[in-house]
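> Got upload.cif for you, mmCIF, C-alpha atoms:
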```
data_data
#
loop_
_atom_site.label_atom_id
_atom_site.label_comp_id
_atom_site.auth_asym_id
_atom_site.auth_seq_id
_atom_site.Cartn_x
_atom_site.Cartn_y
_atom_site.Cartn_z
CA ALA T 30 0.00 0.00 0.00
CA PRO T 31 1.53 3.40 -0.97
CA LEU T 32 -0.04 5.58 1.75
CA SER T 33 -0.31 5.09 5.51
CA VAL T 34 -4.11 5.33 5.38
CA ASP T 35 -4.12 2.46 2.87
CA ILE T 36 -1.98 0.36 5.21
CA VAL T 37 -4.46 1.00 8.04
CA THR T 38 -7.32 -0.14 5.80
CA LYS T 39 -5.44 -3.29 4.79
CA LEU T 40 -4.65 -4.16 8.40
CA LYS T 41 -8.27 -3.66 9.47
CA GLY T 42 -9.39 -5.96 6.67
CA LEU T 43 -6.82 -8.50 7.80
CA LYS T 44 -8.08 -8.28 11.39
CA ASN T 45 -11.75 -8.60 10.39
CA SER T 46 -11.18 -11.61 8.18
CA GLY T 47 -11.91 -13.94 11.09
CA PHE T 48 -9.21 -16.54 10.47
CA ALA T 49 -9.88 -18.23 13.84
CA ALA T 50 -13.53 -18.91 12.99
CA SER T 51 -12.93 -19.98 9.38
CA THR T 52 -10.88 -22.60 7.63
CA LYS T 53 -8.51 -19.96 6.24
CA ARG T 54 -5.13 -19.77 7.85
CA ALA T 55 -3.80 -16.48 9.16
CA PRO T 56 -0.71 -15.17 7.36
CA ASP T 57 2.56 -16.36 8.83
CA LEU T 58 4.24 -13.02 8.19
CA VAL T 59 3.15 -9.50 7.29
CA ILE T 60 5.57 -7.10 5.56
CA ALA T 61 4.55 -3.44 5.40
CA GLY T 62 6.27 -0.15 4.78
CA GLY T 63 5.68 3.40 3.71
CA GLY T 64 6.33 7.05 4.31
CA ALA T 65 7.82 8.33 1.07
CA TRP T 66 4.55 8.81 -0.80
CA ASP T 67 2.90 10.29 2.30
CA LYS T 68 5.42 13.07 2.17
CA LEU T 69 4.66 13.71 -1.48
CA HIS T 70 0.85 13.60 -1.44
CA LEU T 71 -0.11 14.51 2.16
CA SER T 72 2.19 17.45 2.91
CA VAL T 73 0.80 20.10 0.58
CA THR T 74 -1.21 22.31 2.96
CA ASP T 75 -0.60 23.30 6.57
CA GLU T 76 -3.36 20.97 7.77
CA ASP T 77 -1.92 17.91 6.09
CA PRO T 78 0.99 17.31 8.55
CA GLN T 79 -1.33 17.07 11.55
CA SER T 80 -3.71 14.80 9.67
CA GLN T 81 -0.75 12.66 8.68
CA ARG T 82 0.39 12.37 12.28
CA ASN T 83 -3.09 11.21 13.31
CA THR T 84 -3.05 8.60 10.57
CA VAL T 85 0.41 7.36 11.64
CA MET T 86 -0.81 6.98 15.23
CA LYS T 87 -3.75 4.90 13.97
CA LEU T 88 -1.25 2.86 11.98
CA ALA T 89 0.79 2.14 15.11
CA LYS T 90 -2.32 0.93 16.95
CA SER T 91 -3.34 -1.24 14.00
CA LEU T 92 0.10 -2.84 13.88
CA GLN T 93 -0.14 -3.73 17.57
CA LYS T 94 -3.39 -5.63 16.97
CA VAL T 95 -1.96 -7.88 14.25
CA ASP T 96 -1.55 -11.43 15.53
CA SER T 97 1.08 -12.39 12.94
CA PRO T 98 4.67 -11.13 13.05
CA VAL T 99 5.08 -7.82 11.23
CA ILE T 100 8.22 -6.54 9.47
CA TRP T 101 8.29 -2.81 8.80
CA PHE T 102 10.34 -1.54 5.85
CA SER T 103 11.41 2.05 6.35
CA PRO T 104 12.00 4.09 3.17
CA PRO T 105 15.42 3.57 1.57
CA THR T 106 17.84 6.37 0.88
CA ILE T 107 16.41 8.84 -1.63
CA ASN T 108 18.60 9.87 -4.55
CA THR T 109 17.34 13.46 -4.68
CA ARG T 110 19.18 14.35 -7.88
CA ALA T 111 17.56 11.43 -9.76
CA LEU T 112 13.96 12.42 -8.94
CA ASN T 113 12.14 13.23 -12.18
CA SER T 114 10.20 16.35 -11.14
CA ASP T 115 10.71 19.53 -9.16
CA GLU T 116 7.80 18.65 -6.86
CA LYS T 117 9.45 15.37 -5.90
CA ARG T 118 12.82 17.06 -5.36
CA ILE T 119 11.16 19.45 -2.90
CA GLN T 120 8.75 17.10 -1.12
CA MET T 121 10.67 13.80 -1.36
CA SER T 122 14.27 14.86 -0.80
CA GLU T 123 16.42 12.75 1.48
CA GLU T 124 16.15 15.41 4.22
CA SER T 125 12.33 15.36 4.03
CA ILE T 126 12.13 11.56 4.08
CA GLU T 127 14.47 11.47 7.08
CA SER T 128 11.97 13.60 8.99
CA ILE T 129 9.25 11.08 8.03
CA ARG T 130 11.37 8.21 9.36
CA GLN T 131 11.82 10.05 12.66
CA MET T 132 8.07 10.77 12.89
CA TYR T 133 7.20 7.10 12.37
CA LYS T 134 9.67 6.22 15.10
CA GLU T 135 8.39 8.84 17.55
CA LEU T 136 4.74 7.87 17.05
CA GLY T 137 5.43 4.21 17.83
CA VAL T 138 5.29 2.53 14.44
CA THR T 139 8.73 0.94 14.67
CA SER T 140 8.13 -0.20 18.26
CA SER T 141 4.82 -1.87 17.31
CA VAL T 142 6.33 -4.40 14.90
CA SER T 143 8.47 -7.49 15.31
CA PHE T 144 11.35 -6.34 13.14
CA VAL T 145 12.36 -3.13 11.36
CA LEU T 146 14.19 -3.33 8.04
CA ASP T 147 16.10 -0.06 8.00
CA GLY T 148 16.23 1.00 4.36
CA PRO T 149 19.15 3.45 4.63
CA SER T 150 21.31 0.81 6.33
CA PHE T 151 21.83 -1.09 3.05
CA THR T 152 21.10 1.64 0.47
CA ARG T 153 23.09 4.60 1.83
CA GLU T 154 26.24 3.59 -0.04
CA ARG T 155 24.21 2.62 -3.14
CA ALA T 156 22.17 5.80 -3.61
CA ALA T 157 23.71 6.43 -7.03
CA GLU T 158 22.18 3.15 -8.28
CA SER T 159 18.62 4.45 -7.77
CA PHE T 160 17.60 5.19 -11.36
CA ASP T 161 14.47 7.23 -10.43
CA GLY T 162 15.48 8.39 -6.97
CA VAL T 163 13.22 5.93 -5.09
CA ASN T 164 13.50 2.43 -6.58
CA TYR T 165 16.68 0.34 -6.58
CA PRO T 166 17.85 -2.51 -8.83
CA PRO T 167 17.23 -6.10 -7.70
CA SER T 168 20.91 -6.58 -6.81
CA THR T 169 20.56 -3.92 -4.09
CA MET T 170 17.16 -5.05 -2.84
CA ASP T 171 18.49 -8.58 -2.52
CA ALA T 172 20.56 -7.34 0.42
CA GLY T 173 17.37 -6.25 2.22
CA ALA T 174 15.73 -9.59 1.45
CA GLN T 175 18.75 -11.39 2.92
CA ILE T 176 18.45 -9.31 6.11
CA ILE T 177 14.82 -10.40 6.42
CA PHE T 178 15.71 -14.05 5.86
CA ASN T 179 18.40 -13.86 8.54
CA ALA T 180 15.85 -12.48 11.01
CA LEU T 181 13.14 -15.05 10.32
CA ASP T 182 14.55 -17.60 12.74
CA TRP T 183 13.61 -15.50 15.76
CA VAL T 184 10.83 -13.37 14.20
CA MET T 185 8.78 -16.45 13.37
CA MET T 186 9.47 -18.07 16.73
CA ALA T 187 7.96 -15.02 18.43
CA ALA T 188 4.61 -15.58 16.72
CA PRO T 189 1.82 -16.85 19.01
CA ASN T 190 0.75 -19.52 16.49
CA SER T 191 4.25 -20.65 15.62
CA VAL T 192 5.19 -24.29 15.86
CA GLU T 193 7.57 -25.08 18.68
CA VAL T 194 10.78 -26.71 17.53
CA ASP T 195 12.98 -28.84 19.73
CA LEU T 196 16.33 -27.05 19.69
CA TYR T 197 18.13 -29.70 21.73
CA LEU T 198 21.70 -30.03 20.54
CA PRO T 199 23.69 -33.17 21.29
CA LYS T 200 26.78 -32.87 23.44
CA PRO T 201 30.19 -32.97 21.74
CA GLY T 202 31.37 -36.54 21.30
CA THR T 203 27.97 -38.24 21.46
CA LEU T 204 27.86 -38.62 17.66
CA SER T 205 31.42 -39.95 17.38
CA ASN T 206 32.32 -43.53 16.49
CA PRO T 207 35.81 -44.73 17.44
CA TYR T 208 35.75 -47.58 14.91
CA LEU T 209 35.01 -45.22 12.03
CA GLY T 210 37.80 -42.93 13.25
CA LEU T 211 40.25 -45.87 13.33
CA MET T 212 39.19 -46.85 9.81
CA MET T 213 39.88 -43.31 8.52
CA ILE T 214 43.33 -43.35 10.13
CA CYS T 215 44.16 -46.65 8.41
CA ILE T 216 42.96 -45.38 5.03
CA THR T 217 45.03 -42.22 5.46
CA LEU T 218 48.16 -44.22 6.32
CA ILE T 219 47.66 -46.42 3.26
CA GLY T 220 47.42 -43.39 1.00
CA LEU T 221 50.49 -41.81 2.64
CA PHE T 222 52.94 -44.73 2.67
CA PHE T 223 51.84 -46.45 -0.56
CA PHE T 224 51.91 -43.26 -2.68
CA ASP T 225 48.25 -43.75 -3.54
CA SER T 226 45.96 -40.71 -3.49
CA TYR T 227 42.97 -43.04 -3.87
CA PHE T 228 43.60 -44.62 -0.44
CA GLY T 229 44.61 -48.02 -1.77
CA PHE T 230 42.05 -48.33 -4.57
CA GLY T 231 44.73 -47.43 -7.10
CA TYR T 232 46.16 -50.95 -6.74
CA LEU T 233 42.95 -52.48 -8.08
CA GLY T 234 44.19 -51.72 -11.61
CA GLN T 235 46.81 -54.47 -11.24
CA PHE T 236 44.04 -57.07 -11.34
CA VAL T 237 43.13 -55.91 -14.85
CA VAL T 238 46.65 -55.30 -16.25
CA SER T 239 49.19 -58.12 -15.90
CA ASN T 240 52.31 -55.98 -15.45
CA ASP T 241 53.14 -53.69 -12.54
CA THR T 242 53.41 -50.47 -14.53
CA VAL T 243 50.03 -49.26 -13.30
CA SER T 244 50.82 -49.57 -9.61
CA PRO T 245 50.92 -46.27 -7.74
CA GLY T 246 54.58 -46.80 -6.85
CA GLU T 247 55.59 -47.21 -10.51
CA LEU T 248 53.41 -44.31 -11.56
CA TYR T 249 55.13 -42.20 -8.91
CA ASP T 250 58.56 -42.99 -10.37
CA GLN T 251 57.39 -42.28 -13.93
CA ALA T 252 55.85 -38.99 -12.93
CA PHE T 253 58.81 -37.66 -10.97
CA SER T 254 61.72 -39.07 -13.01
CA PRO T 255 61.78 -36.10 -15.44
CA ILE T 256 61.84 -33.74 -12.50
CA PHE T 257 64.72 -35.61 -10.86
CA ASN T 258 66.66 -35.59 -14.11
CA ARG T 259 66.12 -31.87 -14.57
CA LEU T 260 67.34 -31.26 -11.00
CA LYS T 261 70.29 -33.63 -11.57
CA ILE T 262 69.10 -35.94 -8.79
CA SER T 263 69.23 -39.66 -9.43
CA GLN T 264 66.59 -42.10 -8.21
CA LYS T 265 69.15 -43.53 -5.78
CA ASP T 266 69.90 -40.11 -4.33
CA GLU T 267 66.19 -39.36 -4.05
CA ARG T 268 65.65 -42.35 -1.80
CA GLU T 269 68.56 -41.30 0.44
CA PRO T 270 68.26 -38.57 3.10
CA ALA T 271 67.75 -35.04 1.85
CA SER T 272 71.25 -33.86 2.84
CA SER T 273 73.01 -36.60 0.86
CA SER T 274 70.87 -35.95 -2.23
CA PHE T 275 71.70 -32.28 -2.16
CA HIS T 276 75.39 -33.04 -1.70
CA GLY T 277 75.22 -35.53 -4.55
CA ALA T 278 73.65 -32.92 -6.78
CA ASP T 279 76.35 -30.42 -5.80
CA ARG T 280 79.14 -32.87 -6.61
CA HIS T 281 77.60 -33.62 -9.98
CA GLU T 282 77.28 -29.94 -10.80
CA MET T 283 80.88 -29.28 -9.70
CA ALA T 284 82.12 -32.07 -11.93
CA GLN T 285 80.32 -30.58 -14.89
CA LEU T 286 81.70 -27.12 -14.13
CA LEU T 287 85.24 -28.49 -13.87
CA GLY T 288 84.80 -30.31 -17.16
CA ARG T 289 83.68 -27.13 -18.87
CA SER T 290 86.62 -25.20 -17.40
CA THR T 291 89.13 -27.82 -18.64
CA SER T 292 87.67 -27.75 -22.15
CA SER T 293 87.79 -23.96 -22.30
CA LEU T 294 91.46 -23.94 -21.21
CA SER T 295 92.43 -26.50 -23.83
CA ARG T 296 90.76 -24.37 -26.51
CA ARG T 297 92.74 -21.29 -25.44
CA ARG T 298 96.02 -23.20 -25.70
#
```
Spit out the file's structure as structure tokens when you get a sec.


Amino acid sequence: APLSVDIVTKLKGLKNSGFAASTKRAPDLVIAGGGAWDKLHLSVTDEDPQSQRNTVMKLAKSLQKVDSPVIWFSPPTINTRALNSDEKRIQMSEESIESIRQMYKELGVTSSVSFVLDGPSFTRERAAESFDGVNYPPSTMDAGAQIIFNALDWVMMAAPNSVEVDLYLPKPGTLSNPYLGLMMICITLIGLFFFDSYFGFGYLGQFVVSNDTVSPGELYDQAFSPIFNRLKISQKDEREPASSSFHGADRHEMAQLLGRSTSSLSRRR
């Protein structure tokens, strides 16, 4: 509903629907909001502000009588420069709408609902994205929808007709199984010491192929042999401790350097 008087009418119709006496189910959640269009259409004469305050007080009382949880959406940040008329720039500027937000708060609208979705909280930094000064693209409004979804867990639980949910949480350790933990340790050790990233299932290929070239150990040697050759580390040195392999590589490199030096000297002679 665009105006506060329309929201009051909607809430009265919702209250008089008689959900308790009929087969219809009351709404689980009511989302309402307004204020921006009130400032545009109900603030023309000097008598309009007082009439608007009376309507907002009626709105606060109507919100208190709603049995379902109510979420109130306060007007988002107004992009004053993007408003498409001089009347809107005067009546619906961000400064004017801020006064409306404060009036709704002072007259008890925000305290009469279950949750308040503060529009400026997620649109203040995105005001330039408002193409007409009031409406925002879906990517920005999705942030407000996510805020509502995050609040539903306790907003819905506060409803008088909400279904009680058992929130008992098991104690740490009650869901553990020592045998499954031991099995995971064994599988991890198999994958670590047998060079098999498939936790031992890589050896099943040997039942299909007669030779041993598909075993994880052989595949490990084939995969890392080019790297060892490029680093001048032999397979024998690789299986030795790290210090000896490095020393072996250094000795091999020194021998090559000495050979190059001898050949260069012989060429100079």

> Which residues match the PyMOL selection byres ((chain T and resi 165) around 10) in the file above, as a tab-separated table (two decimals) with C-alpha atoms, in the coordinates of the input?


```
chain	number	residue	atom	x	y	z
T	105	PRO	CA	15.42	3.57	1.57
T	106	THR	CA	17.84	6.37	0.88
T	107	ILE	CA	16.41	8.84	-1.63
T	108	ASN	CA	18.60	9.87	-4.55
T	152	THR	CA	21.10	1.64	0.47
T	155	ARG	CA	24.21	2.62	-3.14
T	156	ALA	CA	22.17	5.80	-3.61
T	157	ALA	CA	23.71	6.43	-7.03
T	158	GLU	CA	22.18	3.15	-8.28
T	159	SER	CA	18.62	4.45	-7.77
T	160	PHE	CA	17.60	5.19	-11.36
T	161	ASP	CA	14.47	7.23	-10.43
T	162	GLY	CA	15.48	8.39	-6.97
T	163	VAL	CA	13.22	5.93	-5.09
T	164	ASN	CA	13.50	2.43	-6.58
T	166	PRO	CA	17.85	-2.51	-8.83
T	167	PRO	CA	17.23	-6.10	-7.70
T	168	SER	CA	20.91	-6.58	-6.81
T	169	THR	CA	20.56	-3.92	-4.09
T	170	MET	CA	17.16	-5.05	-2.84
T	171	ASP	CA	18.49	-8.58	-2.52
```

> Would you write out, as a PDB file with C-alpha atoms, in the frame of the given file, every residue that the PyMOL selection byres ((chain T and resi 118) around 12) captures in this file?


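Wrote it out as expr-v1.pdb, contents follow:
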```
ATOM      1  CA  ALA T  65       7.820   8.330   1.070  1.00  0.00           C
ATOM      2  CA  LYS T  68       5.420  13.070   2.170  1.00  0.00           C
ATOM      3  CA  LEU T  69       4.660  13.710  -1.480  1.00  0.00           C
ATOM      4  CA  ILE T 107      16.410   8.840  -1.630  1.00  0.00           C
ATOM      5  CA  ASN T 108      18.600   9.870  -4.550  1.00  0.00           C
ATOM      6  CA  THR T 109      17.340  13.460  -4.680  1.00  0.00           C
ATOM      7  CA  ARG T 110      19.180  14.350  -7.880  1.00  0.00           C
ATOM      8  CA  ALA T 111      17.560  11.430  -9.760  1.00  0.00           C
ATOM      9  CA  LEU T 112      13.960  12.420  -8.940  1.00  0.00           C
ATOM     10  CA  ASN T 113      12.140  13.230 -12.180  1.00  0.00           C
ATOM     11  CA  SER T 114      10.200  16.350 -11.140  1.00  0.00           C
ATOM     12  CA  ASP T 115      10.710  19.530  -9.160  1.00  0.00           C
ATOM     13  CA  GLU T 116       7.800  18.650  -6.860  1.00  0.00           C
ATOM     14  CA  LYS T 117       9.450  15.370  -5.900  1.00  0.00           C
ATOM     15  CA  ILE T 119      11.160  19.450  -2.900  1.00  0.00           C
ATOM     16  CA  GLN T 120       8.750  17.100  -1.120  1.00  0.00           C
ATOM     17  CA  MET T 121      10.670  13.800  -1.360  1.00  0.00           C
ATOM     18  CA  SER T 122      14.270  14.860  -0.800  1.00  0.00           C
ATOM     19  CA  GLU T 123      16.420  12.750   1.480  1.00  0.00           C
ATOM     20  CA  GLU T 124      16.150  15.410   4.220  1.00  0.00           C
ATOM     21  CA  SER T 125      12.330  15.360   4.030  1.00  0.00           C
ATOM     22  CA  ILE T 126      12.130  11.560   4.080  1.00  0.00           C
ATOM     23  CA  ASP T 161      14.470   7.230 -10.430  1.00  0.00           C
ATOM     24  CA  GLY T 162      15.480   8.390  -6.970  1.00  0.00           C
ATOM     25  CA  VAL T 163      13.220   5.930  -5.090  1.00  0.00           C
TER      26      VAL T 163
END
```

> Could you state which residues are captured by the PyMOL selection byres ((chain T and resi 88-98) around 8) in this file, as a ChimeraX atom specification?

/T:33-34,36-37,40-41,44,55-59,84-87,99-100,136-138,141-143,184-185,187-190

> Which is closer to Ile219 (chain T) than all the others in T:Pro245, T:Pro207, T:Pro104, T:Pro78, using only C-alpha atoms?

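Comparing T:Pro245, T:Pro207, T:Pro104, T:Pro78 against Ile219 (chain T), the winner is T:Pro245.
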
> Work out how far CA of Ile129 (chain T) is from CA of Arg82 (chain T), in Å to one decimal.

9.9 Å

> I'd like to know which of T:Ser103, T:Thr217, T:Gln131, T:Asn179 is closest to Val145 (chain T), using all atoms listed in the file.

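Smallest distance to Val145 (chain T) is found for T:Ser103.
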
> So that I can see what lies close to Gly220 (chain T), please list as a PDB file with C-alpha atoms, keeping the file's coordinate frame the residues with an atom at most 12 Å from it, counting all atoms listed in the file and leaving out residues fewer than 4 positions away in the same chain.


```
ATOM      1  CA  MET T 213      39.880 -43.310   8.520  1.00  0.00           C
ATOM      2  CA  ILE T 214      43.330 -43.350  10.130  1.00  0.00           C
ATOM      3  CA  CYS T 215      44.160 -46.650   8.410  1.00  0.00           C
ATOM      4  CA  ILE T 216      42.960 -45.380   5.030  1.00  0.00           C
ATOM      5  CA  PHE T 224      51.910 -43.260  -2.680  1.00  0.00           C
ATOM      6  CA  ASP T 225      48.250 -43.750  -3.540  1.00  0.00           C
ATOM      7  CA  SER T 226      45.960 -40.710  -3.490  1.00  0.00           C
ATOM      8  CA  TYR T 227      42.970 -43.040  -3.870  1.00  0.00           C
ATOM      9  CA  PHE T 228      43.600 -44.620  -0.440  1.00  0.00           C
ATOM     10  CA  GLY T 229      44.610 -48.020  -1.770  1.00  0.00           C
ATOM     11  CA  PHE T 230      42.050 -48.330  -4.570  1.00  0.00           C
ATOM     12  CA  GLY T 231      44.730 -47.430  -7.100  1.00  0.00           C
ATOM     13  CA  TYR T 232      46.160 -50.950  -6.740  1.00  0.00           C
ATOM     14  CA  PRO T 245      50.920 -46.270  -7.740  1.00  0.00           C
ATOM     15  CA  GLY T 246      54.580 -46.800  -6.850  1.00  0.00           C
TER      16      GLY T 246
END
```

> To one decimal place in Å, what is the distance between CA of Leu71 (chain T) and CA of Thr38 (chain T)?

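Atom-to-atom, CA of Leu71 (chain T) to CA of Thr38 (chain T), that is 16.7 Å.
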
> May I ask for the distance between CA of Gln81 (chain T) and CA of Trp66 (chain T), given in Å to one decimal place?

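Answer for the CA of Gln81 (chain T) to CA of Trp66 (chain T) separation: 11.5 Å.
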
> Please complete region 123-154 of chain T with N, CA and C atoms and give it back as a CSV table (one decimal), in the frame of the given file.


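The resulting selection-v9.csv:
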```csv
chain,number,residue,atom,x,y,z
T,123,GLU,N,15.9,13.6,0.4
T,123,GLU,CA,16.4,12.8,1.5
T,123,GLU,C,16.2,13.4,2.8
T,124,GLU,N,16.4,14.7,2.9
T,124,GLU,CA,16.2,15.4,4.2
T,124,GLU,C,14.7,15.3,4.6
T,125,SER,N,13.8,15.4,3.7
T,125,SER,CA,12.3,15.4,4.0
T,125,SER,C,11.9,13.9,4.4
T,126,ILE,N,12.5,12.9,3.7
T,126,ILE,CA,12.1,11.6,4.1
T,126,ILE,C,12.7,11.2,5.4
T,127,GLU,N,13.9,11.8,5.8
T,127,GLU,CA,14.5,11.5,7.1
T,127,GLU,C,13.6,12.0,8.2
T,128,SER,N,12.9,13.1,8.0
T,128,SER,CA,12.0,13.6,9.0
T,128,SER,C,10.8,12.7,9.1
T,129,ILE,N,10.3,12.1,8.0
T,129,ILE,CA,9.2,11.1,8.0
T,129,ILE,C,9.7,9.8,8.8
T,130,ARG,N,10.9,9.4,8.6
T,130,ARG,CA,11.4,8.2,9.4
T,130,ARG,C,11.4,8.5,10.8
T,131,GLN,N,11.8,9.7,11.2
T,131,GLN,CA,11.8,10.0,12.7
T,131,GLN,C,10.4,10.2,13.2
T,132,MET,N,9.4,10.7,12.4
T,132,MET,CA,8.1,10.8,12.9
T,132,MET,C,7.5,9.4,13.1
T,133,TYR,N,7.7,8.5,12.2
T,133,TYR,CA,7.2,7.1,12.4
T,133,TYR,C,7.8,6.4,13.6
T,134,LYS,N,9.0,6.8,13.9
T,134,LYS,CA,9.7,6.2,15.1
T,134,LYS,C,9.1,6.8,16.4
T,135,GLU,N,8.9,8.2,16.4
T,135,GLU,CA,8.4,8.8,17.6
T,135,GLU,C,7.0,8.5,17.9
T,136,LEU,N,6.2,8.2,16.8
T,136,LEU,CA,4.7,7.9,17.0
T,136,LEU,C,4.5,6.4,17.3
T,137,GLY,N,5.6,5.6,17.4
T,137,GLY,CA,5.4,4.2,17.8
T,137,GLY,C,5.2,3.2,16.8
T,138,VAL,N,5.5,3.5,15.5
T,138,VAL,CA,5.3,2.5,14.4
T,138,VAL,C,6.4,1.5,14.5
T,139,THR,N,7.6,1.9,14.7
T,139,THR,CA,8.7,0.9,14.7
T,139,THR,C,8.7,0.1,15.9
T,140,SER,N,8.2,0.6,17.0
T,140,SER,CA,8.1,-0.2,18.3
T,140,SER,C,6.9,-1.1,18.3
T,141,SER,N,6.0,-1.0,17.3
T,141,SER,CA,4.8,-1.9,17.3
T,141,SER,C,5.0,-3.1,16.4
T,142,VAL,N,6.1,-3.3,15.8
T,142,VAL,CA,6.3,-4.4,14.9
T,142,VAL,C,7.4,-5.3,15.5
T,143,SER,N,7.5,-6.5,14.8
T,143,SER,CA,8.5,-7.5,15.3
T,143,SER,C,9.9,-7.2,14.9
T,144,PHE,N,10.0,-6.6,13.7
T,144,PHE,CA,11.4,-6.3,13.1
T,144,PHE,C,11.3,-5.1,12.2
T,145,VAL,N,12.3,-4.3,12.2
T,145,VAL,CA,12.4,-3.1,11.4
T,145,VAL,C,13.5,-3.3,10.4
T,146,LEU,N,13.2,-3.3,9.1
T,146,LEU,CA,14.2,-3.3,8.0
T,146,LEU,C,14.5,-1.9,7.7
T,147,ASP,N,15.7,-1.4,8.2
T,147,ASP,CA,16.1,-0.1,8.0
T,147,ASP,C,16.6,0.1,6.6
T,148,GLY,N,15.9,0.8,5.8
T,148,GLY,CA,16.2,1.0,4.4
T,148,GLY,C,17.6,1.7,4.2
T,149,PRO,N,17.9,2.8,4.9
T,149,PRO,CA,19.2,3.4,4.6
T,149,PRO,C,20.4,2.6,5.0
T,150,SER,N,20.2,1.6,5.9
T,150,SER,CA,21.3,0.8,6.3
T,150,SER,C,22.0,0.0,5.2
T,151,PHE,N,21.2,-0.4,4.2
T,151,PHE,CA,21.8,-1.1,3.0
T,151,PHE,C,21.7,-0.4,1.7
T,152,THR,N,21.2,0.9,1.7
T,152,THR,CA,21.1,1.6,0.5
T,152,THR,C,21.9,2.9,0.5
T,153,ARG,N,22.4,3.3,1.7
T,153,ARG,CA,23.1,4.6,1.8
T,153,ARG,C,24.3,4.7,0.9
T,154,GLU,N,25.1,3.6,0.8
T,154,GLU,CA,26.2,3.6,0.0
T,154,GLU,C,25.9,3.3,-1.5
```
